[in-house]
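Presented below is the structure to which this report refers.
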Amino acid sequence: MSRALAAAGWRMEGPLRRGDELAGAAAGVDLVVIATPDAAVADVAAAVRPVESTVVAHLAGSLGLDVLGGHPRRASIHPLVALPDPEMGAARLQGAWFALAGDPFVRRVVDALGGQWFAVADEDRAAYHAAACIASNHLVALLGQAERVGAAAGAPREAFFDLVRATVENVAALDPARALTGPAARGDAETLERHRAALDPSELEAYDAMVSLAQRLLAERVEAD
C-alpha cells in the first residue's frame with residue numbers, strides 16, 4: 001500500500017515495525033494504516049495515541065471499526081486483490097476494487113490509486129471476507145486439486161491455464177449459473193460416476209462438494225428461466 005500510494009504522489013512516512021514505538025504514529029499525518037495480521041490490529045490501534053484530525057484505518061477484510069478503539073476518525077480499507085509480494089501487490093492495487101467503511105477520507109486513497117469501491121457495514125464484514133476467500137483462496141485450492149488429478153493422468157498444469165482464464169471471462173460476461181458447462185450442467189450422471197471411479201479417494205470429498213454446488217447453480221438457472 002505504501003509503495004502504491006508513493007507512486008501516486010503521496011508523501012509516505014517510513015513504516016513502523018514490530019518493536020517500534022507506536023504512540024506518536026498519528027502525529028503530523030493524515031492517515032495511519034494498520035497493516036498487521038487481524039489478531040494484532042486492536043493492540044496496535046490501542047498503542048497509537050489518538051489525534052483528532054488523523055484517520056486510523058486497518059486493512060482487515062473481516063474486522064469492523066470497533067477494533068480501532070477510541071480513535072476519533074476510524075476507517076477500513078480492504079483491497080479486494082491478491083497481494084503475494086510488495087512489488088506485485090503495489091502494481092495490482094492500481095485500479096483495484098476496495099471494500100470501505102468508516103471515515104470518508106479513505107475514498108481519497110481509492111481515487112489516488114484509480115480504483116473502485118463499495119461500502120461494507122460492520123455486521124456484514126465476516127460474510128464479505130468469506131466471499132473474498134472463496135473467490136481467491138478456495139479457487140487456488142481447487143486449481144491445486146486440478147493439478148494433482150491432471151498430473152496423475154500425465155497432463156501438465158500449464159495445459160489448464162487457458163481453460164481457467166476463459167472460464168473466468170465467461171463468468172464475467174454472463175453470470176456463474178449461465179457460464180456453467182460440463183457434465184453437471186448437462187445432468188450427465190454417468191460421466192460424473194466415471195470421474196468418481198477414476199479419482200483417488202482423497203479427492204472425492206472436494207469433488208463431490210463442487211458437483212453439488214454446480215447442481216445448485218443449475219437449479220438456480222432453471223428456476224430463473
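Chain labels A, B, ... are given in the sequence in which chains occur in the C-alpha cells; within each chain residues are numbered consecutively from 1, and ligands are likewise numbered from 1 in the order shown.
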
Can you tell me which residues surround segment 130-135 of chain A at a distance of at most 10 Å, considering only C-alpha atoms, apart from same-chain residues fewer than 6 positions away, and format the answer as JSON, numbers by chain? {"A": [61, 62, 80, 81, 82, 141]}

Output C-alpha atoms for every residue in that selection, as a CSV table (one decimal), in the first residue's frame.
```
chain,number,residue,atom,x,y,z
A,61,GLY,CA,-11.4,-7.6,5.5
A,62,SER,CA,-13.2,-9.5,8.3
A,80,LEU,CA,-10.1,-7.0,-3.0
A,81,VAL,CA,-7.0,-8.3,-4.7
A,82,ALA,CA,-4.3,-10.9,-4.0
A,141,ALA,CA,-7.1,-24.8,-3.6
```

Write down as a PyMOL selection string the residues of segment 57-201 of chain A whose backbone DSSP state falls under helix (DSSP H, G or I). chain A and resi 66-68+86-93+106-112+122-152+157-173+176-179+183-186+189-198+201

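Across A:Leu143, A:Val211, A:Ala45, A:Val32, the tightest approach to Ala189 of chain A is made by A:Val211 when counting only C-alpha atoms.
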
DSSP strand (DSSP E) residues within segment 31-205 of chain A, as a ChimeraX atom specification: /A:31-34,55-58,73-79,97-102,116-119

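Excluding segment 20-31 of chain A itself and any same-chain residue fewer than 6 positions from it, the protein and nucleic acid residues within 8 Å of it, counting only C-alpha atoms, are Val44, Ala47, Val48, Arg49, Pro50, Val51, Ser53, Thr54, Val55, Val56 and Ala57 of chain A.
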
List as a list in words the protein and nucleic acid residues near segment 115-128 of chain A, meaning an atom at most 9 Å away when only C-alpha atoms are counted, but skip any in the same chain fewer than 2 places from it.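 The residues satisfying every condition are Gly61, Ser62, Leu63, Gly64, Leu65, Asp66, Leu93, Gln94, Gly95, Ala96, Trp97, Phe98, Ala99, Leu100, Ala101, Gly102, Arg107, Val109, Val110, Asp111, Ala112, Leu113, Ala130, Ala131, Ala132 and Cys133 of chain A.
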
With only C-alpha atoms as the basis for distance, which of A:Met1, A:Ala151, A:Val222, A:Leu16 is at the shortest distance from Glu87 of chain A?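 Checking each of A:Met1, A:Ala151, A:Val222, A:Leu16 against Glu87 of chain A, counting only C-alpha atoms, the winner is A:Met1.
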
What does the structure give for the distance between atom CA of Glu190 of chain A and atom CA of Ala153 of chain A, in Å to one decimal?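 Atom-to-atom, atom CA of Glu190 of chain A to atom CA of Ala153 of chain A, that is 19.8 Å.
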